[in-house]
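*Asks:* As input, take final_16.cif (mmCIF, C-alpha atoms):
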data_target
#
loop_
_atom_site.label_atom_id
_atom_site.label_comp_id
_atom_site.auth_asym_id
_atom_site.auth_seq_id
_atom_site.Cartn_x
_atom_site.Cartn_y
_atom_site.Cartn_z
CA MET A 1 164.19 70.50 179.82
CA SER A 2 166.91 69.29 177.41
CA PHE A 3 168.24 72.01 175.09
CA LYS A 4 169.91 71.39 171.74
CA VAL A 5 173.11 73.33 171.07
CA LEU A 6 175.05 73.75 167.82
CA ILE A 7 178.66 75.00 168.05
CA LEU A 8 180.17 76.71 165.00
CA ASP A 9 183.90 77.41 165.48
CA ASP A 10 186.88 76.56 163.28
CA GLU A 11 189.13 75.91 166.30
CA GLU A 12 188.91 72.16 166.90
CA ARG A 13 190.12 72.47 170.49
CA ILE A 14 187.28 74.90 171.33
CA THR A 15 184.54 72.77 169.77
CA SER A 16 185.88 69.57 171.32
CA GLU A 17 186.23 70.91 174.87
CA LEU A 18 182.95 72.82 174.75
CA SER A 19 181.03 69.86 173.30
CA GLU A 20 182.35 67.53 175.98
CA TYR A 21 181.53 70.00 178.75
CA LEU A 22 177.96 70.65 177.52
CA LEU A 23 177.28 66.94 177.02
CA ARG A 24 178.26 66.34 180.65
CA LYS A 25 175.80 69.07 181.64
CA GLY A 26 172.94 67.26 179.88
CA PHE A 27 172.72 69.25 176.63
CA GLN A 28 172.33 67.68 173.20
CA VAL A 29 175.30 68.97 171.18
CA LYS A 30 176.52 69.03 167.57
CA SER A 31 179.45 70.98 166.18
CA ALA A 32 180.69 72.32 162.86
CA SER A 33 183.91 74.02 161.75
CA ARG A 34 182.58 75.76 158.63
CA PRO A 35 179.34 77.71 157.96
CA SER A 36 178.38 75.45 155.03
CA GLU A 37 178.61 72.43 157.33
CA ALA A 38 176.55 74.19 160.00
CA PHE A 39 173.78 75.08 157.53
CA ARG A 40 173.63 71.45 156.33
CA ILE A 41 173.18 70.35 159.95
CA LEU A 42 170.48 73.01 160.51
CA GLU A 43 168.53 71.76 157.47
CA LYS A 44 168.14 68.35 159.11
CA ASN A 45 168.00 69.25 162.82
CA SER A 46 166.39 71.87 165.04
CA PHE A 47 168.44 73.65 167.72
CA ASP A 48 167.63 75.99 170.58
CA ILE A 49 171.02 77.72 170.80
CA LEU A 50 173.83 78.43 168.34
CA ILE A 51 177.28 79.19 169.79
CA LEU A 52 178.91 81.19 167.00
CA ASP A 53 182.48 82.39 166.48
CA ILE A 54 183.00 85.73 164.70
CA ARG A 55 186.08 84.75 162.68
CA LEU A 56 185.25 81.85 160.35
CA PRO A 57 186.25 80.54 156.91
CA GLU A 58 183.82 81.01 153.98
CA MET A 59 182.01 83.95 155.64
CA ASP A 60 182.27 85.85 158.90
CA GLY A 61 180.07 85.21 161.91
CA LEU A 62 177.98 88.35 161.32
CA GLN A 63 176.89 87.06 157.92
CA VAL A 64 176.06 83.68 159.45
CA LEU A 65 174.10 85.41 162.24
CA LYS A 66 171.98 87.43 159.81
CA GLN A 67 171.17 84.36 157.69
CA VAL A 68 170.34 82.31 160.78
CA LYS A 69 167.97 84.95 162.20
CA VAL A 70 166.09 85.02 158.89
CA ALA A 71 165.91 81.25 158.39
CA TYR A 72 165.66 80.20 162.07
CA PRO A 73 164.33 83.26 163.98
CA GLU A 74 163.45 81.30 167.12
CA MET A 75 167.01 80.00 167.63
CA GLU A 76 169.07 82.06 170.09
CA VAL A 77 172.68 82.93 169.18
CA LEU A 78 175.61 83.29 171.61
CA LEU A 79 178.55 85.09 170.04
CA ILE A 80 182.16 84.24 170.93
CA SER A 81 185.28 86.00 169.68
CA GLY A 82 188.94 86.41 170.48
CA HIS A 83 188.86 89.92 169.04
CA GLY A 84 187.48 92.78 171.12
CA ASP A 85 186.00 94.82 168.25
CA MET A 86 183.10 96.53 170.02
CA ASP A 87 181.57 97.86 166.79
CA THR A 88 181.26 94.26 165.58
CA VAL A 89 179.79 93.16 168.91
CA ILE A 90 177.23 95.99 168.86
CA GLU A 91 176.23 95.17 165.28
CA ALA A 92 175.86 91.50 166.21
CA LEU A 93 173.62 92.31 169.17
CA ARG A 94 171.51 94.57 166.99
CA SER A 95 171.24 91.77 164.43
CA GLY A 96 169.75 89.43 166.99
CA ALA A 97 172.58 87.85 169.01
CA SER A 98 171.41 87.30 172.59
CA ASP A 99 174.83 87.38 174.31
CA TYR A 100 178.57 87.85 173.75
CA LEU A 101 181.65 86.23 175.32
CA LYS A 102 185.27 87.12 174.66
CA LYS A 103 187.86 84.37 174.23
CA PRO A 104 189.42 82.95 176.24
CA PHE A 105 186.51 82.24 178.55
CA ARG A 106 186.03 79.83 181.42
CA GLN A 107 183.59 76.98 181.06
CA THR A 108 181.54 78.41 183.92
CA GLU A 109 181.15 81.69 181.98
CA ILE A 110 179.72 79.97 178.92
CA MET A 111 177.47 77.92 181.19
CA ILE A 112 176.08 81.05 182.85
CA ALA A 113 175.42 82.58 179.41
CA ILE A 114 173.69 79.41 178.20
CA GLU A 115 171.57 79.15 181.35
CA ARG A 116 170.52 82.78 180.97
CA THR A 117 169.55 82.16 177.37
CA ALA A 118 167.81 78.89 178.29
CA LYS A 119 165.63 80.75 180.80
CA PHE A 120 164.62 83.20 178.09
CA ILE A 121 163.76 80.32 175.70
CA ALA A 122 161.72 78.62 178.44
CA LEU A 123 159.82 81.88 178.99
CA GLN A 124 159.11 82.19 175.27
CA ARG A 125 157.75 78.63 175.24
CA GLN A 126 155.61 79.38 178.28
CA ILE A 127 154.14 82.44 176.59
CA SER A 128 153.55 80.49 173.39
CA GLN A 129 151.69 77.84 175.38
CA LEU A 130 149.68 80.52 177.17
CA ASP A 131 148.74 82.06 173.83
CA ASN A 132 147.67 78.66 172.52
CA ASP A 133 145.58 78.08 175.63
CA LYS A 134 143.89 81.47 175.92
CA SER A 135 143.92 83.04 172.47
CA LEU A 136 140.55 82.27 170.92
CA ILE A 137 141.67 82.84 167.32
CA SER A 138 144.05 80.98 165.05
CA LYS A 139 147.72 81.95 164.85
CA GLU A 140 147.38 82.98 161.20
CA LEU A 141 144.41 85.23 161.95
CA GLU A 142 146.19 86.60 165.02
CA ARG A 143 149.26 87.42 162.89
CA ARG A 144 147.20 89.33 160.34
CA VAL A 145 145.17 91.21 162.92
CA GLU A 146 148.40 91.92 164.86
CA LYS A 147 146.49 91.19 168.06
CA ASN A 148 145.21 88.13 169.82
CA PHE A 149 141.81 87.61 171.37
CA ILE A 150 142.19 86.53 174.98
CA GLY A 151 139.29 85.43 177.13
CA ASP A 152 137.64 82.74 179.20
CA SER A 153 134.20 84.25 179.69
CA PRO A 154 131.06 83.07 177.87
CA ALA A 155 130.57 86.69 176.74
CA SER A 156 133.96 86.75 174.98
CA LYS A 157 133.38 83.39 173.34
CA LYS A 158 129.96 84.49 172.09
CA LEU A 159 131.45 87.78 170.84
CA LEU A 160 134.06 85.86 168.86
CA GLU A 161 131.45 83.48 167.48
CA ASP A 162 129.33 86.44 166.31
CA THR A 163 132.42 88.16 164.89
CA LEU A 164 133.48 85.18 162.78
CA ARG A 165 129.89 84.66 161.64
CA LEU A 166 129.70 88.29 160.50
CA ALA A 167 132.98 87.87 158.61
CA THR A 168 131.30 85.48 156.18
CA PHE A 169 128.81 88.22 155.17
CA ALA A 170 131.44 90.19 153.28
CA ASP A 171 129.21 93.07 152.13
CA THR A 172 127.07 93.63 155.21
CA PRO A 173 127.69 97.01 156.89
CA LEU A 174 127.62 97.03 160.67
CA ILE A 175 128.10 99.18 163.74
CA ILE A 176 130.31 98.05 166.63
CA SER A 177 129.43 99.71 169.91
CA GLY A 178 131.30 99.56 173.18
CA GLU A 179 133.05 101.66 175.77
CA SER A 180 136.47 103.12 175.12
CA GLY A 181 139.22 100.52 175.49
CA THR A 182 137.07 97.45 174.81
CA GLY A 183 138.78 96.67 171.49
CA LYS A 184 136.37 97.80 168.79
CA GLU A 185 139.09 98.12 166.17
CA ILE A 186 140.42 94.64 167.01
CA ILE A 187 136.95 93.22 166.34
CA ALA A 188 136.72 95.17 163.07
CA ARG A 189 140.10 93.80 161.98
CA LEU A 190 139.03 90.26 162.90
CA ILE A 191 135.92 90.63 160.75
CA HIS A 192 137.98 91.89 157.82
CA TYR A 193 140.81 89.35 157.98
CA ALA A 194 138.45 86.41 158.50
CA SER A 195 136.34 87.51 155.51
CA PRO A 196 136.65 86.99 151.74
CA ARG A 197 138.02 90.57 151.61
CA LYS A 198 141.08 89.62 153.72
CA ASP A 199 143.59 90.09 150.88
CA LYS A 200 142.48 93.69 150.24
CA SER A 201 143.06 96.76 152.41
CA PHE A 202 141.73 97.37 155.89
CA CYS A 203 141.57 101.15 156.09
CA PRO A 204 140.83 102.76 159.50
CA ILE A 205 139.75 106.38 159.81
CA ASN A 206 139.10 108.12 163.13
CA CYS A 207 136.28 110.56 162.49
CA ALA A 208 137.05 112.41 165.74
CA ALA A 209 140.76 112.89 164.99
CA LEU A 210 140.50 114.80 161.70
CA PRO A 211 139.44 118.46 161.50
CA GLU A 212 136.04 118.91 159.86
CA SER A 213 137.68 120.94 157.06
CA LEU A 214 139.84 117.95 156.08
CA LEU A 215 137.36 115.12 156.46
CA GLU A 216 135.78 115.41 153.01
CA SER A 217 139.09 115.60 151.13
CA GLU A 218 140.54 112.72 153.18
CA PHE A 219 137.41 110.68 152.57
CA PHE A 220 136.93 111.26 148.82
CA GLY A 221 140.41 112.33 147.72
CA TYR A 222 141.06 115.12 145.20
CA THR A 223 142.81 115.92 141.93
CA ARG A 224 145.78 118.20 141.43
CA GLY A 225 144.84 121.88 141.21
CA THR A 226 141.42 121.48 142.84
CA PHE A 227 142.33 124.05 145.48
CA THR A 228 145.36 126.00 146.69
CA GLY A 229 147.96 123.56 147.95
CA ALA A 230 146.62 120.59 145.95
CA LEU A 231 149.92 120.03 144.15
CA GLN A 232 149.21 116.43 143.18
CA ASP A 233 146.39 113.90 143.06
CA LYS A 234 145.47 112.42 146.43
CA LYS A 235 143.78 109.10 147.04
CA GLY A 236 140.95 109.24 149.54
CA TYR A 237 139.96 106.56 152.01
CA LEU A 238 137.26 105.27 149.66
CA GLU A 239 139.81 104.67 146.92
CA MET A 240 142.38 103.15 149.29
CA SER A 241 139.73 100.75 150.64
CA LYS A 242 138.73 99.42 147.21
CA GLY A 243 137.75 95.76 147.54
CA GLY A 244 138.47 95.82 151.27
CA THR A 245 137.05 97.31 154.44
CA LEU A 246 136.65 100.93 155.53
CA PHE A 247 136.56 101.22 159.32
CA LEU A 248 134.88 104.42 160.51
CA ASP A 249 135.88 104.81 164.15
CA GLU A 250 133.99 107.30 166.33
CA ILE A 251 131.29 107.57 163.66
CA GLY A 252 129.19 109.67 166.07
CA ASP A 253 131.66 112.54 165.60
CA MET A 254 131.20 112.70 161.83
CA PRO A 255 129.77 116.12 160.77
CA LEU A 256 126.20 116.07 159.43
CA MET A 257 127.39 117.40 156.06
CA LEU A 258 129.69 114.42 155.57
CA GLN A 259 127.04 112.04 156.92
CA ALA A 260 124.81 113.08 154.01
CA LYS A 261 127.57 112.39 151.48
CA LEU A 262 128.41 109.03 153.06
CA LEU A 263 124.72 108.09 152.91
CA ARG A 264 124.75 108.78 149.16
CA VAL A 265 127.80 106.53 148.74
CA LEU A 266 126.05 103.73 150.61
CA GLU A 267 122.83 104.12 148.62
CA GLU A 268 124.28 104.58 145.13
CA LYS A 269 127.46 102.50 145.53
CA LYS A 270 129.52 105.19 143.80
CA TYR A 271 131.26 108.49 144.52
CA MET A 272 133.16 111.33 142.84
CA LYS A 273 136.68 112.47 143.76
CA ILE A 274 136.78 116.18 144.57
CA GLY A 275 137.63 118.15 141.44
CA THR A 276 136.17 115.64 138.96
CA ASN A 277 132.74 114.73 137.62
CA ILE A 278 133.60 111.07 137.06
CA GLU A 279 131.66 108.58 139.18
CA VAL A 280 133.72 105.76 140.66
CA PRO A 281 132.00 102.49 141.65
CA VAL A 282 132.29 101.44 145.29
CA ASP A 283 133.16 97.90 146.35
CA ILE A 284 133.78 98.32 150.06
CA ARG A 285 132.54 96.87 153.31
CA PHE A 286 131.71 99.62 155.82
CA ILE A 287 132.25 98.97 159.52
CA ALA A 288 131.48 101.81 161.92
CA ALA A 289 132.28 102.02 165.62
CA THR A 290 131.23 104.28 168.46
CA ASN A 291 131.45 104.55 172.23
CA ARG A 292 128.34 106.72 172.29
CA ASP A 293 124.68 105.73 172.52
CA ILE A 294 124.19 106.12 168.79
CA GLU A 295 120.42 105.60 168.99
CA ALA A 296 120.21 108.49 171.46
CA GLU A 297 122.29 110.56 169.03
CA VAL A 298 119.71 109.77 166.33
CA ARG A 299 116.82 110.77 168.61
CA GLU A 300 118.56 114.06 169.44
CA GLY A 301 119.14 114.82 165.76
CA ARG A 302 122.94 114.69 165.98
CA PHE A 303 123.17 111.63 163.75
CA ARG A 304 121.14 110.97 160.62
CA LYS A 305 118.47 108.31 161.08
CA ASP A 306 118.70 107.16 157.45
CA LEU A 307 122.51 106.75 157.69
CA TYR A 308 122.16 104.87 160.96
CA TYR A 309 119.80 102.35 159.40
CA ARG A 310 122.09 101.97 156.39
CA LEU A 311 125.11 101.24 158.57
CA ALA A 312 123.33 99.19 161.22
CA ALA A 313 122.39 96.20 159.09
CA TYR A 314 123.85 94.47 162.14
CA LYS A 315 124.85 95.98 165.48
CA LEU A 316 127.57 94.24 167.48
CA GLU A 317 128.01 95.26 171.10
CA ILE A 318 131.23 94.60 173.06
CA PRO A 319 130.55 94.21 176.78
CA PRO A 320 132.81 96.18 179.14
CA LEU A 321 135.51 94.29 181.03
CA ARG A 322 133.67 94.63 184.36
CA GLU A 323 130.84 92.49 182.90
CA ARG A 324 133.23 89.65 181.99
CA PRO A 325 135.41 89.17 185.09
CA LEU A 326 136.50 85.70 183.95
CA ASP A 327 138.61 87.41 181.28
CA ILE A 328 140.65 89.37 183.82
CA GLU A 329 143.02 86.59 184.92
CA PRO A 330 144.01 85.38 181.41
CA LEU A 331 144.42 89.00 180.29
CA LEU A 332 146.48 89.78 183.40
CA ARG A 333 148.79 86.82 182.83
CA TYR A 334 149.07 87.59 179.12
CA TYR A 335 150.15 91.20 179.69
CA ILE A 336 152.54 90.22 182.48
CA ASN A 337 154.27 87.78 180.13
CA TYR A 338 154.10 90.26 177.24
CA PHE A 339 155.88 93.05 179.13
CA CYS A 340 158.35 90.68 180.83
CA THR A 341 159.38 89.25 177.46
CA ARG A 342 159.60 92.66 175.87
CA ASN A 343 161.82 93.99 178.67
CA ARG A 344 163.63 90.70 179.42
CA LEU A 345 162.36 90.61 182.99
CA PRO A 346 161.75 87.52 185.10
CA VAL A 347 158.05 86.71 185.36
CA PRO A 348 156.85 87.53 188.89
CA GLN A 349 154.63 85.27 190.96
CA LEU A 350 151.03 86.37 191.44
CA ASP A 351 149.62 87.11 194.88
CA PRO A 352 146.54 84.82 194.95
CA GLN A 353 144.44 87.72 196.25
CA LEU A 354 145.31 89.98 193.32
CA VAL A 355 142.92 88.41 190.80
CA LYS A 356 140.04 88.68 193.30
CA GLU A 357 140.83 92.34 193.86
CA LEU A 358 141.03 93.08 190.15
CA ARG A 359 137.72 91.33 189.52
CA ALA A 360 136.12 93.69 192.04
CA TYR A 361 137.48 96.76 190.23
CA PRO A 362 135.17 98.32 187.58
CA PHE A 363 137.90 99.10 184.98
CA PRO A 364 136.41 102.27 183.46
CA GLY A 365 139.19 102.13 180.82
CA ASN A 366 138.52 98.44 180.11
CA VAL A 367 141.24 96.23 178.56
CA ARG A 368 143.39 99.23 177.63
CA GLU A 369 143.42 100.30 181.28
CA LEU A 370 144.34 96.80 182.47
CA LYS A 371 147.27 96.71 180.03
CA ASN A 372 148.57 100.07 181.26
CA LEU A 373 148.12 99.09 184.91
CA VAL A 374 150.11 95.88 184.42
CA GLU A 375 153.00 97.73 182.76
CA ARG A 376 153.06 100.26 185.62
CA ALA A 377 152.86 97.50 188.24
CA LEU A 378 155.88 95.69 186.76
CA ILE A 379 157.87 98.93 186.97
CA ILE A 380 156.86 99.40 190.61
CA ASN A 381 157.34 95.79 191.70
CA ARG A 382 160.59 94.93 193.46
CA ASN A 383 160.01 91.68 195.37
CA GLY A 384 159.10 89.30 192.54
CA ILE A 385 155.53 88.83 193.79
CA LEU A 386 152.94 90.96 192.00
CA GLY A 387 150.28 92.06 194.45
CA PHE A 388 147.60 94.66 194.95
CA GLY A 389 150.14 97.10 196.39
CA ASP A 390 151.74 97.30 192.93
CA PHE A 391 148.48 98.79 191.60
CA PRO A 392 148.24 102.09 193.49
CA ASP A 393 145.71 103.53 191.03
CA LEU A 394 143.22 100.94 192.24
CA LEU A 395 143.45 102.08 195.85
CA SER A 396 141.05 104.95 195.13
CA ASP A 397 137.38 104.07 194.98
CA ASP A 398 136.37 107.12 193.00
CA THR A 399 135.36 104.99 190.03
CA GLN A 400 133.53 102.23 191.90
CA PRO A 401 129.90 101.92 190.84
CA GLU A 402 127.44 103.02 193.50
CA SER A 403 125.60 99.70 193.29
CA SER A 404 128.44 98.11 195.28
CA LEU A 405 127.81 100.40 198.24
CA ASP A 406 125.08 98.47 199.95
CA ASN A 407 124.14 98.10 203.57
CA LEU A 408 124.90 94.38 203.64
CA GLN A 409 128.56 94.99 202.87
CA LYS A 410 128.70 97.71 205.52
CA GLN A 411 127.30 95.32 208.09
CA GLN A 412 129.79 92.60 207.12
CA ILE A 413 132.69 95.02 207.55
CA LYS A 414 131.38 96.23 210.91
CA LYS A 415 130.97 92.65 212.12
CA ALA A 416 134.47 91.62 210.98
CA MET A 417 136.07 94.70 212.56
CA LYS A 418 134.26 93.98 215.80
CA GLU A 419 135.36 90.33 215.85
CA ALA A 420 138.93 91.38 215.05
CA GLU A 421 138.84 94.08 217.74
CA ASN A 422 139.59 96.70 215.06
CA ASN A 423 142.68 94.84 213.82
CA GLN A 424 142.52 95.62 210.10
CA THR A 425 144.78 92.77 209.01
CA LEU A 426 142.70 90.20 210.88
CA ALA A 427 139.41 91.75 209.75
CA ALA A 428 140.55 91.64 206.12
CA LYS A 429 141.42 87.96 206.55
CA LEU A 430 137.97 87.26 208.01
CA LEU A 431 136.36 89.02 205.04
CA GLY A 432 138.59 87.27 202.48
CA ILE A 433 139.95 90.52 201.06
CA SER A 434 143.28 92.33 201.25
CA ARG A 435 144.05 94.94 203.89
CA TYR A 436 144.32 97.53 201.11
CA THR A 437 140.75 96.81 200.03
CA LEU A 438 139.49 96.94 203.59
CA ILE A 439 141.12 100.33 204.17
CA ARG A 440 139.56 101.57 200.95
CA LYS A 441 136.10 100.39 201.93
CA LEU A 442 136.39 101.74 205.47
CA LYS A 443 137.09 105.13 203.95
CA LYS A 444 134.20 104.82 201.49
CA TYR A 445 131.69 103.86 204.13
CA ASN A 446 133.04 106.38 206.65
CA LEU A 447 133.85 103.55 209.05
CA GLU A 448 137.44 104.60 209.92
CA GLU A 449 136.41 105.48 213.47
CA LEU A 450 135.07 102.02 214.40
#
Let's see the structure in the file written out as structure tokens.

*Replies:*
Amino acid sequence: MSFKVLILDDEERITSELSEYLLRKGFQVKSASRPSEAFRILEKNSFDILILDIRLPEMDGLQVLKQVKVAYPEMEVLLISGHGDMDTVIEALRSGASDYLKKPFRQTEIMIAIERTAKFIALQRQISQLDNDKSLISKELERRVEKNFIGDSPASKKLLEDTLRLATFADTPLIISGESGTGKEIIARLIHYASPRKDKSFCPINCAALPESLLESEFFGYTRGTFTGALQDKKGYLEMSKGGTLFLDEIGDMPLMLQAKLLRVLEEKKYMKIGTNIEVPVDIRFIAATNRDIEAEVREGRFRKDLYYRLAAYKLEIPPLRERPLDIEPLLRYYINYFCTRNRLPVPQLDPQLVKELRAYPFPGNVRELKNLVERALIINRNGILGFGDFPDLLSDDTQPESSLDNLQKQQIKKAMKEAENNQTLAAKLLGISRYTLIRKLKKYNLEEL
């Protein structure tokens, strides 16, 4: 990969020697002695790395750095200076410089710094390519949602298709159901930002997180003096969501009293702020979400039937991660790259057996659990190869569904152990699983004494 380097230094000897050296090393190089000249070059050319001196005519290197990071945020900046002012160095690093070298430096030192930066750029490009390959939504939509939608499975692709279809029906209320950690709020945000309401507010409220005594005032807002402590007017969620989307997370935890008032808002398309008798028209899309069986809640009388039917003009269900195993590998690779970039770590290799093992795990916490497990595994890992041993939480079978405990699997394990003369490593190889998984299953099936 050929990297483009721009050198900005007012010392002709430095720029000349450094340019010649980098050209010999295969880099494409341009140089400038003044910031104005450098900015003219940047207007017409793209560069991967800027080598920047602190002391310059026209403006100092810190000012140049700040302008560069605004105008060309993807370009990495290596700072060089003959003055050891650590406060300046620290400010430069905080402003986005990726490295610092003190003059005079050897050519090998600058080369090491450039190679280190080049590896980081290559990693960023790799992640960008991965996002382009596996993210199922556009970059603009991803930016607004602040999340991407990763998946390879038919279930994920159908979910996205349904989501974008629902976005076009800008007034239709709906309920999103799914287990905890499946990404219900991400789907709600996708619906909002892909809809005609995208330029108005997306306002999320967690019905389980607010005390019952505060829910009504948070929902409707109030005027100054309505009650003790109401020192000024307060906008409620309905007012803040005007023209946009109100996302009611954990709708099953909403008290029955507030359910009745929400029903009235949905039916009459208007509400009154607490402390007034003025009716305010409602122009909001309502999206509710729950990890409960909301229909069972209706049958048991814990959720109003009439409110359910008002909200459930459409019901969108997100399948758990265990039902879409094809999503596990792209999600795994995405989170590995995400955490490595964030912490400036080298990306480890993947043990080929790891994906198979993860696909066999039920993931009770769904995508959120996978993300947390990957972060923990990267902290544990020391050998540069991410394997099942870096996921100790998966070594317990307490969460495995009972349907996997069948006699056929027991017989296969017994047969493999017999053929391997109780050598666990060999038996695992015969079964096509890791030794960790075999040990786990031996314990589950009470076969340790074979």

*Asks:* Between A:Leu326, A:Ile175, A:Ala428, A:Ile379, single out the one closest to Asp293 of chain A, counting all atoms listed in the file.

*Replies:*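 Checking each candidate against Asp293 of chain A, we get A:Ile175 as the closest.
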
*Asks:* Show me, as AutoDock Vina command-line options, the centre and edge lengths in Å to one decimal of the axis-aligned box that covers every listed atom of segment 18-28 of chain A with 6 Å on each side.

*Replies:*
--center_x 177.6 --center_y 69.6 --center_z 177.4 --size_x 22.6 --size_y 18.5 --size_z 20.4

*Asks:* List, as a PyMOL selection string, every residue that the PyMOL selection byres ((chain A and resi 369) around 12) selects in the file provided.

*Replies:* chain A and resi 179-183+320-322+328+331-332+335+358+361-368+370-376+391+393-394

*Asks:* Report, in Å to a single decimal, how far apart atom CA of Ser36 of chain A and atom CA of Leu62 of chain A are.

*Replies:* 14.4 Å

*Asks:* Measuring between all atoms listed in the file, which one of A:Thr163, A:Asn383, A:Asn446, A:Thr290 shows the shortest distance to Ile187 of chain A?

*Replies:*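 Of A:Thr163, A:Asn383, A:Asn446, A:Thr290, the one nearest Ile187 of chain A, counting all atoms listed in the file, is A:Thr163.
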
*Asks:* If I take atom CA of Gly301 of chain A and atom CA of Gly252 of chain A, how far is one from the other in Å, to one decimal?

*Replies:*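 Between atom CA of Gly301 of chain A and atom CA of Gly252 of chain A the gap works out to 11.3 Å.
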
*Asks:* Could you check how far atom CA of Leu438 of chain A sits from atom CA of Gln424 of chain A, in Å to one decimal?

*Replies:* 7.3 Å

*Asks:* Find the residues around Leu174 of chain A up to 8 Å (only C-alpha atoms counted), leave out those fewer than 2 positions away in its own chain, and share them as a ChimeraX atom specification.

*Replies:* /A:172,176,286-288,311-316

*Asks:* With a distance cut-off of 8 Å and all atoms listed in the file, select the neighbouring residues of Gln259 of chain A, excluding the residue or stretch itself and same-chain residues fewer than 3 positions from it, and output the selection as a list of chain:residue names.

*Replies:*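 Final neighbour list, sorted by chain and number: A:Met254, A:Pro255, A:Leu256, A:Leu262, A:Leu263, A:Phe303, A:Arg304, A:Leu307.
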
*Asks:* So that I can see what lies close to segment 110-118 of chain A, please list as an mmCIF file with C-alpha atoms, in the coordinates of the input the residues with an atom at most 8 Å from it, counting all atoms listed in the file and leaving out residues fewer than 5 positions away in the same chain.

*Replies:*
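And here is the file that came out, out-v7.cif:
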data_model
loop_
_atom_site.group_PDB
_atom_site.id
_atom_site.type_symbol
_atom_site.label_atom_id
_atom_site.label_comp_id
_atom_site.auth_asym_id
_atom_site.auth_seq_id
_atom_site.Cartn_x
_atom_site.Cartn_y
_atom_site.Cartn_z
ATOM 1 C CA PHE A 3 168.240 72.010 175.090
ATOM 2 C CA GLU A 76 169.070 82.060 170.090
ATOM 3 C CA LEU A 78 175.610 83.290 171.610
ATOM 4 C CA SER A 98 171.410 87.300 172.590
ATOM 5 C CA ASP A 99 174.830 87.380 174.310
ATOM 6 C CA LEU A 101 181.650 86.230 175.320
ATOM 7 C CA PHE A 105 186.510 82.240 178.550
#

*Asks:* Identify which of the residues A:Asn291, A:Asn423, A:Ser156, A:Thr245 lies closest to Lys184 of chain A, counting all atoms listed in the file when measuring atom-to-atom distances.

*Replies:*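 Among the listed residues, A:Asn291 lies closest to Lys184 of chain A.
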
*Asks:* I need the residue set behind the PyMOL selection byres ((chain A and resi 221) around 8) for this file; please write it as a list in words.

*Replies:*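 So the PyMOL selection byres ((chain A and resi 221) around 8), applied here, picks out Glu216, Ser217, Glu218, Phe219, Phe220, Tyr222, Thr223, Asp233, Lys234, Lys235, Gly236, Tyr237, Leu238, Glu239, Lys273 and Ile274 of chain A.
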
*Asks:* Please evaluate the PyMOL selection byres ((chain A and resi 95) around 12) against the structure above and give the resulting residues as a list in words.

*Replies:*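 This file gives the following for the PyMOL selection byres ((chain A and resi 95) around 12): Gly61, Leu62, Gln63, Val64, Leu65, Lys66, Gln67, Val68, Lys69, Val70, Pro73, Glu76, Val77, Leu78, Leu79, Thr88, Val89, Ile90, Glu91, Ala92, Leu93, Arg94, Gly96, Ala97, Ser98 and Asp99 of chain A.
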
*Asks:* Do you know which residues lie at most 9 Å from (139.8, 101.6, 151.5), with coordinates as in the file and all atoms listed in the file counted, and could you write them as a VMD selection string?

*Replies:* chain A and resid 200 to 204 236 to 247 284 to 285

*Asks:* Those residues you just picked out, can you put them in a file as a PDB file, keeping the file's coordinate frame with C-alpha atoms?

*Replies:*
ATOM      1  CA  LYS A 200     142.480  93.690 150.240  1.00  0.00           C
ATOM      2  CA  SER A 201     143.060  96.760 152.410  1.00  0.00           C
ATOM      3  CA  PHE A 202     141.730  97.370 155.890  1.00  0.00           C
ATOM      4  CA  CYS A 203     141.570 101.150 156.090  1.00  0.00           C
ATOM      5  CA  PRO A 204     140.830 102.760 159.500  1.00  0.00           C
ATOM      6  CA  GLY A 236     140.950 109.240 149.540  1.00  0.00           C
ATOM      7  CA  TYR A 237     139.960 106.560 152.010  1.00  0.00           C
ATOM      8  CA  LEU A 238     137.260 105.270 149.660  1.00  0.00           C
ATOM      9  CA  GLU A 239     139.810 104.670 146.920  1.00  0.00           C
ATOM     10  CA  MET A 240     142.380 103.150 149.290  1.00  0.00           C
ATOM     11  CA  SER A 241     139.730 100.750 150.640  1.00  0.00           C
ATOM     12  CA  LYS A 242     138.730  99.420 147.210  1.00  0.00           C
ATOM     13  CA  GLY A 243     137.750  95.760 147.540  1.00  0.00           C
ATOM     14  CA  GLY A 244     138.470  95.820 151.270  1.00  0.00           C
ATOM     15  CA  THR A 245     137.050  97.310 154.440  1.00  0.00           C
ATOM     16  CA  LEU A 246     136.650 100.930 155.530  1.00  0.00           C
ATOM     17  CA  PHE A 247     136.560 101.220 159.320  1.00  0.00           C
ATOM     18  CA  ILE A 284     133.780  98.320 150.060  1.00  0.00           C
ATOM     19  CA  ARG A 285     132.540  96.870 153.310  1.00  0.00           C
TER      20      ARG A 285
END

*Asks:* Out of A:Asn422, A:Arg292, A:Ala427, A:Arg224, which residue has the shortest atom-to-atom distance to Gly275 of chain A when counting all atoms listed in the file?

*Replies:*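 Nearest candidate to Gly275 of chain A out of A:Asn422, A:Arg292, A:Ala427, A:Arg224: A:Arg224.
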
*Asks:* Just checking: using only C-alpha atoms, which residue out of A:Asp48, A:Pro57, A:Glu20, A:Ile205 ends up closest to Tyr72 of chain A?

*Replies:*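 Residue with the minimum atom-to-atom distance to Tyr72 of chain A: A:Asp48.
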
*Asks:* Which residues, protein or nucleic acid, reach to within 6 Å of (180.2, 79.0, 166.7) in the file's coordinates when using only C-alpha atoms, and can you give that as a ChimeraX atom specification?

*Replies:* /A:7-9,51-53
